[in-house]
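Data first, discussion second: the structure below is written as structure tokens.
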Amino acid sequence: MVALLVATLGVAPAGVARRALGGKPSAAVWNEEIKAAWTQAYASAQGVPANYDIDEIEGRIPSALRGTVFRNGPGNFERGGQRYEHVLDGDGLLCRWSLDGATGRARFASRFVRTPEYAAEEAADTVLHRNTFGTQPASGPLGELENAFDLVLKNPANTNVQSWGGKLLALWEAALPCRIDPDTLEYVGRETFDGLLPDGALTVASGIGPEVDASLGLGVAFTAHPREDRKRGRVVGWSWAAPLVGSSLSVTVHEWDAASGALLASTPTALPSAIAPHDFALTDSW
């Protein structure tokens, strides 16, 4: 909260030089120690894929504790010597911790979300796709104009991982979920929930109708932050598409049975702004 207030009010802490909005940080802020810390924090993960028993355990795993925890986040920040422009363009790295208190064992596994885009860039050892936060293929003789009309964004699948109805999904804000094999962590494919979510190259709605959108190769994205309503045993999330014309955002709120994955409801609506929301919360009334 303190950091948020400082950033909002523009008040610099004592001993820290202020800088103009949008300018480079001062040498007092961006010093060698800070540079080294950030470089280490956002170094690309090594030794992936991994799958091994955790031998060094401090204390004892409770005998009644048994389960698996999945985590997801950016784990690769460069390709072919080109550093990604932003950490949130990093390729998604899935991690899994499995605990068995009855045997006292713990196991770790990790694997990058090997989407077709990831596999193609790995094989070519170069950036081939545009990303949300500025990473894009290297420019040729025409400079950045060469990428000006490349409207398809790469799905790094790096924001969240959720499981319901027997499906494990790696999620990103502006694409379809990536279905993951929970045993191997291998990429299975784009998840449309049995055709519920249209799969297209662009997350755009024509405003004419779903048949026209499908004929134009337009699709939708799914939120990276679905929420579980534990009181009702439901998972709630939304799909969206940016308008081709106009200023409203086409949104459909979906509800699934958390245990079976059966679709319970889909409610279309529109938001007054063309900007997709990031997250949401559930209450008894909404």
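Labels for the structure tokens follow display order: chains A, B, ..., residues from 1 in each chain, ligands from 1.
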
So which residues of segment 68-179 of chain A fall under strand (DSSP E) by DSSP, listed as a PyMOL selection string? chain A and resi 68-76+78-79+82-83+91-100+105-112+160-164+167-171+178-179

Set the distance at 12 Å and use only C-alpha atoms: which residues neighbour Ala224 of chain A once local chain neighbours fewer than 5 positions away are removed? I'd like the list as a PDB file with all heavy atoms, in the first residue's frame.
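New file selection-v3.pdb:
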```pdb
ATOM      1  N   ASN A  72       2.186 -21.434 -12.349  1.00  0.00           N
ATOM      2  CA  ASN A  72       2.529 -21.023 -13.709  1.00  0.00           C
ATOM      3  C   ASN A  72       3.020 -19.586 -13.683  1.00  0.00           C
ATOM      4  O   ASN A  72       2.530 -18.771 -12.898  1.00  0.00           O
ATOM      5  CB  ASN A  72       1.298 -21.145 -14.612  1.00  0.00           C
ATOM      6  CG  ASN A  72       1.623 -20.901 -16.082  1.00  0.00           C
ATOM      7  OD1 ASN A  72       2.786 -20.956 -16.483  1.00  0.00           O
ATOM      8  ND2 ASN A  72       0.601 -20.644 -16.877  1.00  0.00           N
ATOM      9  N   GLY A  73       3.975 -19.272 -14.528  1.00  0.00           N
ATOM     10  CA  GLY A  73       4.477 -17.905 -14.634  1.00  0.00           C
ATOM     11  C   GLY A  73       5.523 -17.811 -15.723  1.00  0.00           C
ATOM     12  O   GLY A  73       5.969 -18.836 -16.269  1.00  0.00           O
ATOM     13  N   ASN A 155       0.465 -16.413 -27.801  1.00  0.00           N
ATOM     14  CA  ASN A 155      -0.070 -16.776 -26.490  1.00  0.00           C
ATOM     15  C   ASN A 155       1.057 -17.374 -25.658  1.00  0.00           C
ATOM     16  O   ASN A 155       1.431 -18.530 -25.851  1.00  0.00           O
ATOM     17  CB  ASN A 155      -1.208 -17.789 -26.648  1.00  0.00           C
ATOM     18  CG  ASN A 155      -1.756 -18.263 -25.305  1.00  0.00           C
ATOM     19  OD1 ASN A 155      -1.359 -17.775 -24.249  1.00  0.00           O
ATOM     20  ND2 ASN A 155      -2.665 -19.214 -25.355  1.00  0.00           N
ATOM     21  N   PRO A 156       1.609 -16.618 -24.696  1.00  0.00           N
ATOM     22  CA  PRO A 156       2.690 -17.164 -23.876  1.00  0.00           C
ATOM     23  C   PRO A 156       2.210 -18.113 -22.785  1.00  0.00           C
ATOM     24  O   PRO A 156       3.033 -18.769 -22.148  1.00  0.00           O
ATOM     25  CB  PRO A 156       3.327 -15.915 -23.270  1.00  0.00           C
ATOM     26  CG  PRO A 156       2.214 -14.925 -23.206  1.00  0.00           C
ATOM     27  CD  PRO A 156       1.341 -15.203 -24.389  1.00  0.00           C
ATOM     28  N   ALA A 157       0.888 -18.159 -22.556  1.00  0.00           N
ATOM     29  CA  ALA A 157       0.305 -19.081 -21.553  1.00  0.00           C
ATOM     30  C   ALA A 157       1.034 -18.994 -20.226  1.00  0.00           C
ATOM     31  O   ALA A 157       1.408 -20.004 -19.628  1.00  0.00           O
ATOM     32  CB  ALA A 157       0.326 -20.516 -22.094  1.00  0.00           C
ATOM     33  N   ASN A 158       1.205 -17.777 -19.719  1.00  0.00           N
ATOM     34  CA  ASN A 158       2.113 -17.564 -18.589  1.00  0.00           C
ATOM     35  C   ASN A 158       1.484 -16.942 -17.353  1.00  0.00           C
ATOM     36  O   ASN A 158       2.200 -16.556 -16.424  1.00  0.00           O
ATOM     37  CB  ASN A 158       3.273 -16.672 -19.041  1.00  0.00           C
ATOM     38  CG  ASN A 158       2.815 -15.265 -19.416  1.00  0.00           C
ATOM     39  OD1 ASN A 158       1.653 -14.908 -19.254  1.00  0.00           O
ATOM     40  ND2 ASN A 158       3.734 -14.464 -19.946  1.00  0.00           N
ATOM     41  N   THR A 159       0.144 -16.818 -17.307  1.00  0.00           N
ATOM     42  CA  THR A 159      -0.484 -16.005 -16.265  1.00  0.00           C
ATOM     43  C   THR A 159      -1.054 -16.811 -15.111  1.00  0.00           C
ATOM     44  O   THR A 159      -0.944 -16.420 -13.951  1.00  0.00           O
ATOM     45  CB  THR A 159      -1.589 -15.128 -16.881  1.00  0.00           C
ATOM     46  OG1 THR A 159      -1.055 -14.421 -18.003  1.00  0.00           O
ATOM     47  CG2 THR A 159      -2.137 -14.148 -15.871  1.00  0.00           C
ATOM     48  N   ASN A 160      -1.669 -17.944 -15.397  1.00  0.00           N
ATOM     49  CA  ASN A 160      -2.362 -18.680 -14.349  1.00  0.00           C
ATOM     50  C   ASN A 160      -2.476 -20.134 -14.769  1.00  0.00           C
ATOM     51  O   ASN A 160      -2.279 -20.487 -15.940  1.00  0.00           O
ATOM     52  CB  ASN A 160      -3.753 -18.076 -14.124  1.00  0.00           C
ATOM     53  CG  ASN A 160      -4.385 -18.492 -12.808  1.00  0.00           C
ATOM     54  OD1 ASN A 160      -3.779 -19.197 -11.998  1.00  0.00           O
ATOM     55  ND2 ASN A 160      -5.612 -18.068 -12.580  1.00  0.00           N
ATOM     56  N   VAL A 161      -2.797 -20.995 -13.821  1.00  0.00           N
ATOM     57  CA  VAL A 161      -3.115 -22.394 -14.108  1.00  0.00           C
ATOM     58  C   VAL A 161      -4.271 -22.783 -13.196  1.00  0.00           C
ATOM     59  O   VAL A 161      -4.247 -22.504 -11.999  1.00  0.00           O
ATOM     60  CB  VAL A 161      -1.884 -23.321 -13.910  1.00  0.00           C
ATOM     61  CG1 VAL A 161      -1.324 -23.226 -12.506  1.00  0.00           C
ATOM     62  CG2 VAL A 161      -2.240 -24.763 -14.261  1.00  0.00           C
ATOM     63  N   GLN A 162      -5.309 -23.365 -13.804  1.00  0.00           N
ATOM     64  CA  GLN A 162      -6.513 -23.736 -13.067  1.00  0.00           C
ATOM     65  C   GLN A 162      -6.947 -25.134 -13.487  1.00  0.00           C
ATOM     66  O   GLN A 162      -6.634 -25.592 -14.584  1.00  0.00           O
ATOM     67  CB  GLN A 162      -7.648 -22.747 -13.342  1.00  0.00           C
ATOM     68  CG  GLN A 162      -7.415 -21.354 -12.789  1.00  0.00           C
ATOM     69  CD  GLN A 162      -7.632 -21.287 -11.292  1.00  0.00           C
ATOM     70  OE1 GLN A 162      -8.333 -22.109 -10.714  1.00  0.00           O
ATOM     71  NE2 GLN A 162      -7.026 -20.302 -10.648  1.00  0.00           N
ATOM     72  N   LEU A 169      -5.627 -26.354 -17.095  1.00  0.00           N
ATOM     73  CA  LEU A 169      -5.552 -25.309 -18.107  1.00  0.00           C
ATOM     74  C   LEU A 169      -4.506 -24.261 -17.742  1.00  0.00           C
ATOM     75  O   LEU A 169      -4.503 -23.734 -16.631  1.00  0.00           O
ATOM     76  CB  LEU A 169      -6.913 -24.621 -18.258  1.00  0.00           C
ATOM     77  CG  LEU A 169      -8.098 -25.530 -18.566  1.00  0.00           C
ATOM     78  CD1 LEU A 169      -9.399 -24.742 -18.529  1.00  0.00           C
ATOM     79  CD2 LEU A 169      -7.925 -26.219 -19.904  1.00  0.00           C
ATOM     80  N   ALA A 170      -3.599 -23.993 -18.682  1.00  0.00           N
ATOM     81  CA  ALA A 170      -2.669 -22.871 -18.567  1.00  0.00           C
ATOM     82  C   ALA A 170      -3.320 -21.675 -19.250  1.00  0.00           C
ATOM     83  O   ALA A 170      -3.767 -21.778 -20.399  1.00  0.00           O
ATOM     84  CB  ALA A 170      -1.328 -23.208 -19.215  1.00  0.00           C
ATOM     85  N   LEU A 171      -3.352 -20.538 -18.550  1.00  0.00           N
ATOM     86  CA  LEU A 171      -4.178 -19.416 -18.996  1.00  0.00           C
ATOM     87  C   LEU A 171      -3.360 -18.160 -19.245  1.00  0.00           C
ATOM     88  O   LEU A 171      -2.343 -17.916 -18.595  1.00  0.00           O
ATOM     89  CB  LEU A 171      -5.252 -19.120 -17.949  1.00  0.00           C
ATOM     90  CG  LEU A 171      -6.189 -20.292 -17.625  1.00  0.00           C
ATOM     91  CD1 LEU A 171      -6.959 -20.017 -16.351  1.00  0.00           C
ATOM     92  CD2 LEU A 171      -7.144 -20.549 -18.779  1.00  0.00           C
ATOM     93  N   TRP A 172      -3.856 -17.374 -20.178  1.00  0.00           N
ATOM     94  CA  TRP A 172      -3.328 -16.049 -20.493  1.00  0.00           C
ATOM     95  C   TRP A 172      -4.515 -15.144 -20.769  1.00  0.00           C
ATOM     96  O   TRP A 172      -5.617 -15.620 -21.066  1.00  0.00           O
ATOM     97  CB  TRP A 172      -2.387 -16.123 -21.694  1.00  0.00           C
ATOM     98  CG  TRP A 172      -1.786 -14.827 -22.127  1.00  0.00           C
ATOM     99  CD1 TRP A 172      -1.012 -13.986 -21.386  1.00  0.00           C
ATOM    100  CD2 TRP A 172      -1.900 -14.228 -23.424  1.00  0.00           C
ATOM    101  NE1 TRP A 172      -0.630 -12.898 -22.135  1.00  0.00           N
ATOM    102  CE2 TRP A 172      -1.161 -13.020 -23.394  1.00  0.00           C
ATOM    103  CE3 TRP A 172      -2.533 -14.588 -24.603  1.00  0.00           C
ATOM    104  CZ2 TRP A 172      -1.060 -12.173 -24.490  1.00  0.00           C
ATOM    105  CZ3 TRP A 172      -2.433 -13.751 -25.703  1.00  0.00           C
ATOM    106  CH2 TRP A 172      -1.690 -12.557 -25.642  1.00  0.00           C
ATOM    107  N   GLU A 173      -4.325 -13.838 -20.693  1.00  0.00           N
ATOM    108  CA  GLU A 173      -5.449 -12.909 -20.735  1.00  0.00           C
ATOM    109  C   GLU A 173      -6.165 -12.831 -22.081  1.00  0.00           C
ATOM    110  O   GLU A 173      -7.359 -12.530 -22.115  1.00  0.00           O
ATOM    111  CB  GLU A 173      -4.949 -11.487 -20.387  1.00  0.00           C
ATOM    112  CG  GLU A 173      -4.144 -11.366 -19.127  1.00  0.00           C
ATOM    113  CD  GLU A 173      -4.988 -11.461 -17.876  1.00  0.00           C
ATOM    114  OE1 GLU A 173      -6.220 -11.475 -17.992  1.00  0.00           O
ATOM    115  OE2 GLU A 173      -4.404 -11.511 -16.782  1.00  0.00           O
ATOM    116  N   ALA A 174      -5.491 -13.057 -23.182  1.00  0.00           N
ATOM    117  CA  ALA A 174      -6.046 -12.685 -24.485  1.00  0.00           C
ATOM    118  C   ALA A 174      -6.033 -13.828 -25.490  1.00  0.00           C
ATOM    119  O   ALA A 174      -5.788 -13.616 -26.686  1.00  0.00           O
ATOM    120  CB  ALA A 174      -5.281 -11.490 -25.042  1.00  0.00           C
ATOM    121  N   ALA A 175      -6.295 -15.046 -25.026  1.00  0.00           N
ATOM    122  CA  ALA A 175      -6.340 -16.192 -25.934  1.00  0.00           C
ATOM    123  C   ALA A 175      -7.178 -17.288 -25.302  1.00  0.00           C
ATOM    124  O   ALA A 175      -7.660 -17.155 -24.176  1.00  0.00           O
ATOM    125  CB  ALA A 175      -4.924 -16.704 -26.220  1.00  0.00           C
ATOM    126  N   LEU A 176      -7.357 -18.370 -26.025  1.00  0.00           N
ATOM    127  CA  LEU A 176      -8.034 -19.524 -25.459  1.00  0.00           C
ATOM    128  C   LEU A 176      -7.121 -20.218 -24.451  1.00  0.00           C
ATOM    129  O   LEU A 176      -5.894 -20.104 -24.532  1.00  0.00           O
ATOM    130  CB  LEU A 176      -8.401 -20.507 -26.573  1.00  0.00           C
ATOM    131  CG  LEU A 176      -9.471 -20.055 -27.565  1.00  0.00           C
ATOM    132  CD1 LEU A 176      -9.711 -21.145 -28.601  1.00  0.00           C
ATOM    133  CD2 LEU A 176     -10.769 -19.697 -26.866  1.00  0.00           C
ATOM    134  N   PRO A 177      -7.697 -20.946 -23.502  1.00  0.00           N
ATOM    135  CA  PRO A 177      -6.870 -21.713 -22.563  1.00  0.00           C
ATOM    136  C   PRO A 177      -6.057 -22.782 -23.301  1.00  0.00           C
ATOM    137  O   PRO A 177      -6.438 -23.255 -24.366  1.00  0.00           O
ATOM    138  CB  PRO A 177      -7.899 -22.359 -21.630  1.00  0.00           C
ATOM    139  CG  PRO A 177      -9.146 -21.551 -21.790  1.00  0.00           C
ATOM    140  CD  PRO A 177      -9.135 -21.062 -23.200  1.00  0.00           C
ATOM    141  N   CYS A 178      -4.940 -23.153 -22.693  1.00  0.00           N
ATOM    142  CA  CYS A 178      -4.121 -24.250 -23.198  1.00  0.00           C
ATOM    143  C   CYS A 178      -4.377 -25.480 -22.333  1.00  0.00           C
ATOM    144  O   CYS A 178      -4.144 -25.448 -21.118  1.00  0.00           O
ATOM    145  CB  CYS A 178      -2.636 -23.894 -23.159  1.00  0.00           C
ATOM    146  SG  CYS A 178      -2.166 -22.580 -24.302  1.00  0.00           S
ATOM    147  N   VAL A 236     -16.661 -19.897 -12.472  1.00  0.00           N
ATOM    148  CA  VAL A 236     -17.197 -18.821 -13.303  1.00  0.00           C
ATOM    149  C   VAL A 236     -16.043 -18.123 -14.021  1.00  0.00           C
ATOM    150  O   VAL A 236     -15.019 -17.801 -13.411  1.00  0.00           O
ATOM    151  CB  VAL A 236     -17.973 -17.800 -12.448  1.00  0.00           C
ATOM    152  CG1 VAL A 236     -18.576 -16.707 -13.340  1.00  0.00           C
ATOM    153  CG2 VAL A 236     -19.058 -18.496 -11.640  1.00  0.00           C
ATOM    154  N   GLY A 237     -16.227 -17.899 -15.300  1.00  0.00           N
ATOM    155  CA  GLY A 237     -15.243 -17.166 -16.094  1.00  0.00           C
ATOM    156  C   GLY A 237     -15.940 -16.491 -17.247  1.00  0.00           C
ATOM    157  O   GLY A 237     -17.138 -16.676 -17.461  1.00  0.00           O
ATOM    158  N   TRP A 238     -15.200 -15.710 -18.018  1.00  0.00           N
ATOM    159  CA  TRP A 238     -15.839 -15.040 -19.152  1.00  0.00           C
ATOM    160  C   TRP A 238     -14.946 -15.111 -20.379  1.00  0.00           C
ATOM    161  O   TRP A 238     -13.722 -15.187 -20.297  1.00  0.00           O
ATOM    162  CB  TRP A 238     -16.165 -13.581 -18.813  1.00  0.00           C
ATOM    163  CG  TRP A 238     -14.992 -12.644 -18.840  1.00  0.00           C
ATOM    164  CD1 TRP A 238     -14.487 -11.973 -19.916  1.00  0.00           C
ATOM    165  CD2 TRP A 238     -14.154 -12.284 -17.733  1.00  0.00           C
ATOM    166  NE1 TRP A 238     -13.401 -11.224 -19.556  1.00  0.00           N
ATOM    167  CE2 TRP A 238     -13.181 -11.383 -18.222  1.00  0.00           C
ATOM    168  CE3 TRP A 238     -14.145 -12.625 -16.374  1.00  0.00           C
ATOM    169  CZ2 TRP A 238     -12.199 -10.840 -17.409  1.00  0.00           C
ATOM    170  CZ3 TRP A 238     -13.181 -12.073 -15.569  1.00  0.00           C
ATOM    171  CH2 TRP A 238     -12.222 -11.190 -16.083  1.00  0.00           C
ATOM    172  N   SER A 239     -15.604 -15.094 -21.526  1.00  0.00           N
ATOM    173  CA  SER A 239     -14.913 -14.968 -22.802  1.00  0.00           C
ATOM    174  C   SER A 239     -15.217 -13.588 -23.370  1.00  0.00           C
ATOM    175  O   SER A 239     -16.236 -12.973 -23.034  1.00  0.00           O
ATOM    176  CB  SER A 239     -15.353 -16.063 -23.773  1.00  0.00           C
ATOM    177  OG  SER A 239     -16.761 -16.061 -23.964  1.00  0.00           O
ATOM    178  N   TRP A 240     -14.346 -13.093 -24.234  1.00  0.00           N
ATOM    179  CA  TRP A 240     -14.530 -11.742 -24.761  1.00  0.00           C
ATOM    180  C   TRP A 240     -13.914 -11.613 -26.144  1.00  0.00           C
ATOM    181  O   TRP A 240     -13.073 -12.421 -26.558  1.00  0.00           O
ATOM    182  CB  TRP A 240     -13.899 -10.702 -23.825  1.00  0.00           C
ATOM    183  CG  TRP A 240     -12.405 -10.818 -23.670  1.00  0.00           C
ATOM    184  CD1 TRP A 240     -11.727 -11.594 -22.780  1.00  0.00           C
ATOM    185  CD2 TRP A 240     -11.409 -10.152 -24.458  1.00  0.00           C
ATOM    186  NE1 TRP A 240     -10.383 -11.451 -22.937  1.00  0.00           N
ATOM    187  CE2 TRP A 240     -10.153 -10.559 -23.964  1.00  0.00           C
ATOM    188  CE3 TRP A 240     -11.456  -9.245 -25.515  1.00  0.00           C
ATOM    189  CZ2 TRP A 240      -8.957 -10.108 -24.509  1.00  0.00           C
ATOM    190  CZ3 TRP A 240     -10.258  -8.787 -26.060  1.00  0.00           C
ATOM    191  CH2 TRP A 240      -9.028  -9.208 -25.551  1.00  0.00           C
ATOM    192  N   ALA A 276     -10.679  -4.892 -22.349  1.00  0.00           N
ATOM    193  CA  ALA A 276     -11.041  -6.097 -21.615  1.00  0.00           C
ATOM    194  C   ALA A 276     -10.662  -5.967 -20.148  1.00  0.00           C
ATOM    195  O   ALA A 276      -9.564  -5.499 -19.827  1.00  0.00           O
ATOM    196  CB  ALA A 276     -10.336  -7.313 -22.216  1.00  0.00           C
ATOM    197  N   PRO A 277     -11.538  -6.354 -19.231  1.00  0.00           N
ATOM    198  CA  PRO A 277     -11.193  -6.319 -17.807  1.00  0.00           C
ATOM    199  C   PRO A 277     -10.140  -7.358 -17.481  1.00  0.00           C
ATOM    200  O   PRO A 277      -9.995  -8.362 -18.186  1.00  0.00           O
ATOM    201  CB  PRO A 277     -12.524  -6.628 -17.110  1.00  0.00           C
ATOM    202  CG  PRO A 277     -13.303  -7.401 -18.125  1.00  0.00           C
ATOM    203  CD  PRO A 277     -12.906  -6.853 -19.456  1.00  0.00           C
ATOM    204  N   HIS A 278      -9.409  -7.121 -16.398  1.00  0.00           N
ATOM    205  CA  HIS A 278      -8.337  -8.029 -16.015  1.00  0.00           C
ATOM    206  C   HIS A 278      -8.820  -9.138 -15.093  1.00  0.00           C
ATOM    207  O   HIS A 278      -8.462 -10.301 -15.272  1.00  0.00           O
ATOM    208  CB  HIS A 278      -7.223  -7.237 -15.310  1.00  0.00           C
ATOM    209  CG  HIS A 278      -6.160  -8.096 -14.711  1.00  0.00           C
ATOM    210  ND1 HIS A 278      -5.181  -8.711 -15.464  1.00  0.00           N
ATOM    211  CD2 HIS A 278      -5.920  -8.454 -13.423  1.00  0.00           C
ATOM    212  CE1 HIS A 278      -4.394  -9.416 -14.676  1.00  0.00           C
ATOM    213  NE2 HIS A 278      -4.812  -9.285 -13.426  1.00  0.00           N
ATOM    214  N   ASP A 279      -9.648  -8.793 -14.106  1.00  0.00           N
ATOM    215  CA  ASP A 279     -10.025  -9.761 -13.079  1.00  0.00           C
ATOM    216  C   ASP A 279     -11.416  -9.408 -12.574  1.00  0.00           C
ATOM    217  O   ASP A 279     -11.986  -8.371 -12.933  1.00  0.00           O
ATOM    218  CB  ASP A 279      -8.998  -9.720 -11.939  1.00  0.00           C
ATOM    219  CG  ASP A 279      -8.977 -11.012 -11.120  1.00  0.00           C
ATOM    220  OD1 ASP A 279      -9.907 -11.833 -11.264  1.00  0.00           O
ATOM    221  OD2 ASP A 279      -8.034 -11.195 -10.333  1.00  0.00           O
ATOM    222  N   PHE A 280     -11.968 -10.247 -11.743  1.00  0.00           N
ATOM    223  CA  PHE A 280     -13.274  -9.968 -11.174  1.00  0.00           C
ATOM    224  C   PHE A 280     -13.426 -10.735  -9.874  1.00  0.00           C
ATOM    225  O   PHE A 280     -12.565 -11.531  -9.505  1.00  0.00           O
ATOM    226  CB  PHE A 280     -14.382 -10.353 -12.152  1.00  0.00           C
ATOM    227  CG  PHE A 280     -14.657 -11.823 -12.263  1.00  0.00           C
ATOM    228  CD1 PHE A 280     -15.900 -12.337 -11.946  1.00  0.00           C
ATOM    229  CD2 PHE A 280     -13.673 -12.713 -12.693  1.00  0.00           C
ATOM    230  CE1 PHE A 280     -16.163 -13.695 -12.042  1.00  0.00           C
ATOM    231  CE2 PHE A 280     -13.928 -14.070 -12.794  1.00  0.00           C
ATOM    232  CZ  PHE A 280     -15.182 -14.561 -12.465  1.00  0.00           C
TER     233      PHE A 280
END
```

A:Thr132, A:Asp91, A:Ile180, A:Ser266 ranked by distance to Gly166 of chain A, top pick (using only C-alpha atoms):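 Looking only at the distances to Gly166 of chain A, the closest residue turns out to be A:Ile180.
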
Pick out the residues sitting within 8 Å of Leu94 of chain A, and hand them over as a PyMOL selection string; count only C-alpha atoms, and ignore anything fewer than 2 positions along from it in its own chain. chain A and resi 70-73+92+96+110-113+185

Skip Gly67 of chain A itself and residues of its chain fewer than 5 positions away, then list as a PyMOL selection string all residues within 7 Å of it, counting only C-alpha atoms. chain A and resi 98-100

Length of the atom CA of Asp199 of chain A to atom CA of Val220 of chain A vector [Å]: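 Straight-line distance from atom CA of Asp199 of chain A to atom CA of Val220 of chain A works out to 6.6 Å.
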
Which one of A:Tyr52, A:Trp164, A:Tyr42, A:Phe133 sits closest to Phe108 of chain A if you count only C-alpha atoms? A:Tyr52

For a quick check of understanding, using only C-alpha atoms, which of A:Val87, A:Cys95, A:Leu271, A:Ile57 has the smallest distance to Gly134 of chain A?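 Using only C-alpha atoms, the shortest distance to Gly134 of chain A belongs to A:Val87.
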
Please, which residues in segment 118-190 of chain A fall within 10 Å of segment 78-82 of chain A when counting only C-alpha atoms, and what is the closest atom pair and distance in Å to one decimal for each, ordered by chain then residue number, as JSON lines?
```
{"residue": "A:Glu121", "atom": "CA", "partner": "A:Arg79", "partner_atom": "CA", "distance": 7.5}
{"residue": "A:Glu122", "atom": "CA", "partner": "A:Arg79", "partner_atom": "CA", "distance": 7.5}
{"residue": "A:Ala124", "atom": "CA", "partner": "A:Gly80", "partner_atom": "CA", "distance": 8.3}
{"residue": "A:Asp125", "atom": "CA", "partner": "A:Gly80", "partner_atom": "CA", "distance": 4.7}
{"residue": "A:Thr126", "atom": "CA", "partner": "A:Gly80", "partner_atom": "CA", "distance": 4.7}
{"residue": "A:Val127", "atom": "CA", "partner": "A:Arg79", "partner_atom": "CA", "distance": 6.0}
{"residue": "A:Leu128", "atom": "CA", "partner": "A:Arg79", "partner_atom": "CA", "distance": 9.6}
{"residue": "A:Thr135", "atom": "CA", "partner": "A:Gln82", "partner_atom": "CA", "distance": 9.2}
{"residue": "A:Gln136", "atom": "CA", "partner": "A:Gln82", "partner_atom": "CA", "distance": 9.8}
{"residue": "A:Pro137", "atom": "CA", "partner": "A:Gln82", "partner_atom": "CA", "distance": 9.3}
{"residue": "A:Ala138", "atom": "CA", "partner": "A:Gln82", "partner_atom": "CA", "distance": 8.6}
```

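Distance check against Thr267 of chain A using only C-alpha atoms: of A:Val251, A:Val235, A:Ala41, A:Ala119, the minimum falls on A:Val251.
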
Please compute the atom CA of Leu264 of chain A-atom CA of Gly207 of chain A distance, one decimal, in Å. 25.4 Å

When DSSP is applied to the backbone of this structure, which of segment 31-243 of chain A are assigned helix (DSSP H, G or I)? Write them out as a ChimeraX atom specification. /A:32-41,87-89,116-124,144-147,210-215

Residue neighbourhood Ala265 of chain A, 9 Å, only C-alpha atoms, exclusion window fewer than 5 positions, as JSON, numbers by chain: {"A": [253, 254, 255, 256]}

Can those selected residues be exported to a file as a PDB file, in the first residue's frame so that it contains N, CA, C and O atoms?
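To be explicit, this is the file written out as part.pdb:
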```
ATOM      1  N   VAL A 253     -20.444 -14.489 -19.939  1.00  0.00           N
ATOM      2  CA  VAL A 253     -20.101 -15.062 -18.638  1.00  0.00           C
ATOM      3  C   VAL A 253     -20.547 -16.520 -18.625  1.00  0.00           C
ATOM      4  O   VAL A 253     -21.712 -16.825 -18.901  1.00  0.00           O
ATOM      5  N   HIS A 254     -19.609 -17.433 -18.325  1.00  0.00           N
ATOM      6  CA  HIS A 254     -19.891 -18.867 -18.338  1.00  0.00           C
ATOM      7  C   HIS A 254     -19.796 -19.434 -16.928  1.00  0.00           C
ATOM      8  O   HIS A 254     -18.957 -18.997 -16.131  1.00  0.00           O
ATOM      9  N   GLU A 255     -20.636 -20.409 -16.637  1.00  0.00           N
ATOM     10  CA  GLU A 255     -20.617 -21.091 -15.345  1.00  0.00           C
ATOM     11  C   GLU A 255     -20.569 -22.600 -15.588  1.00  0.00           C
ATOM     12  O   GLU A 255     -21.353 -23.132 -16.372  1.00  0.00           O
ATOM     13  N   TRP A 256     -19.633 -23.250 -14.908  1.00  0.00           N
ATOM     14  CA  TRP A 256     -19.475 -24.698 -15.020  1.00  0.00           C
ATOM     15  C   TRP A 256     -19.643 -25.350 -13.653  1.00  0.00           C
ATOM     16  O   TRP A 256     -19.336 -24.733 -12.623  1.00  0.00           O
TER      17      TRP A 256
END
```

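Nearest to Pro49 of chain A of all the residues A:Gly75, A:Pro272, A:Gly217, A:Gly189 is A:Gly75, counting only C-alpha atoms.
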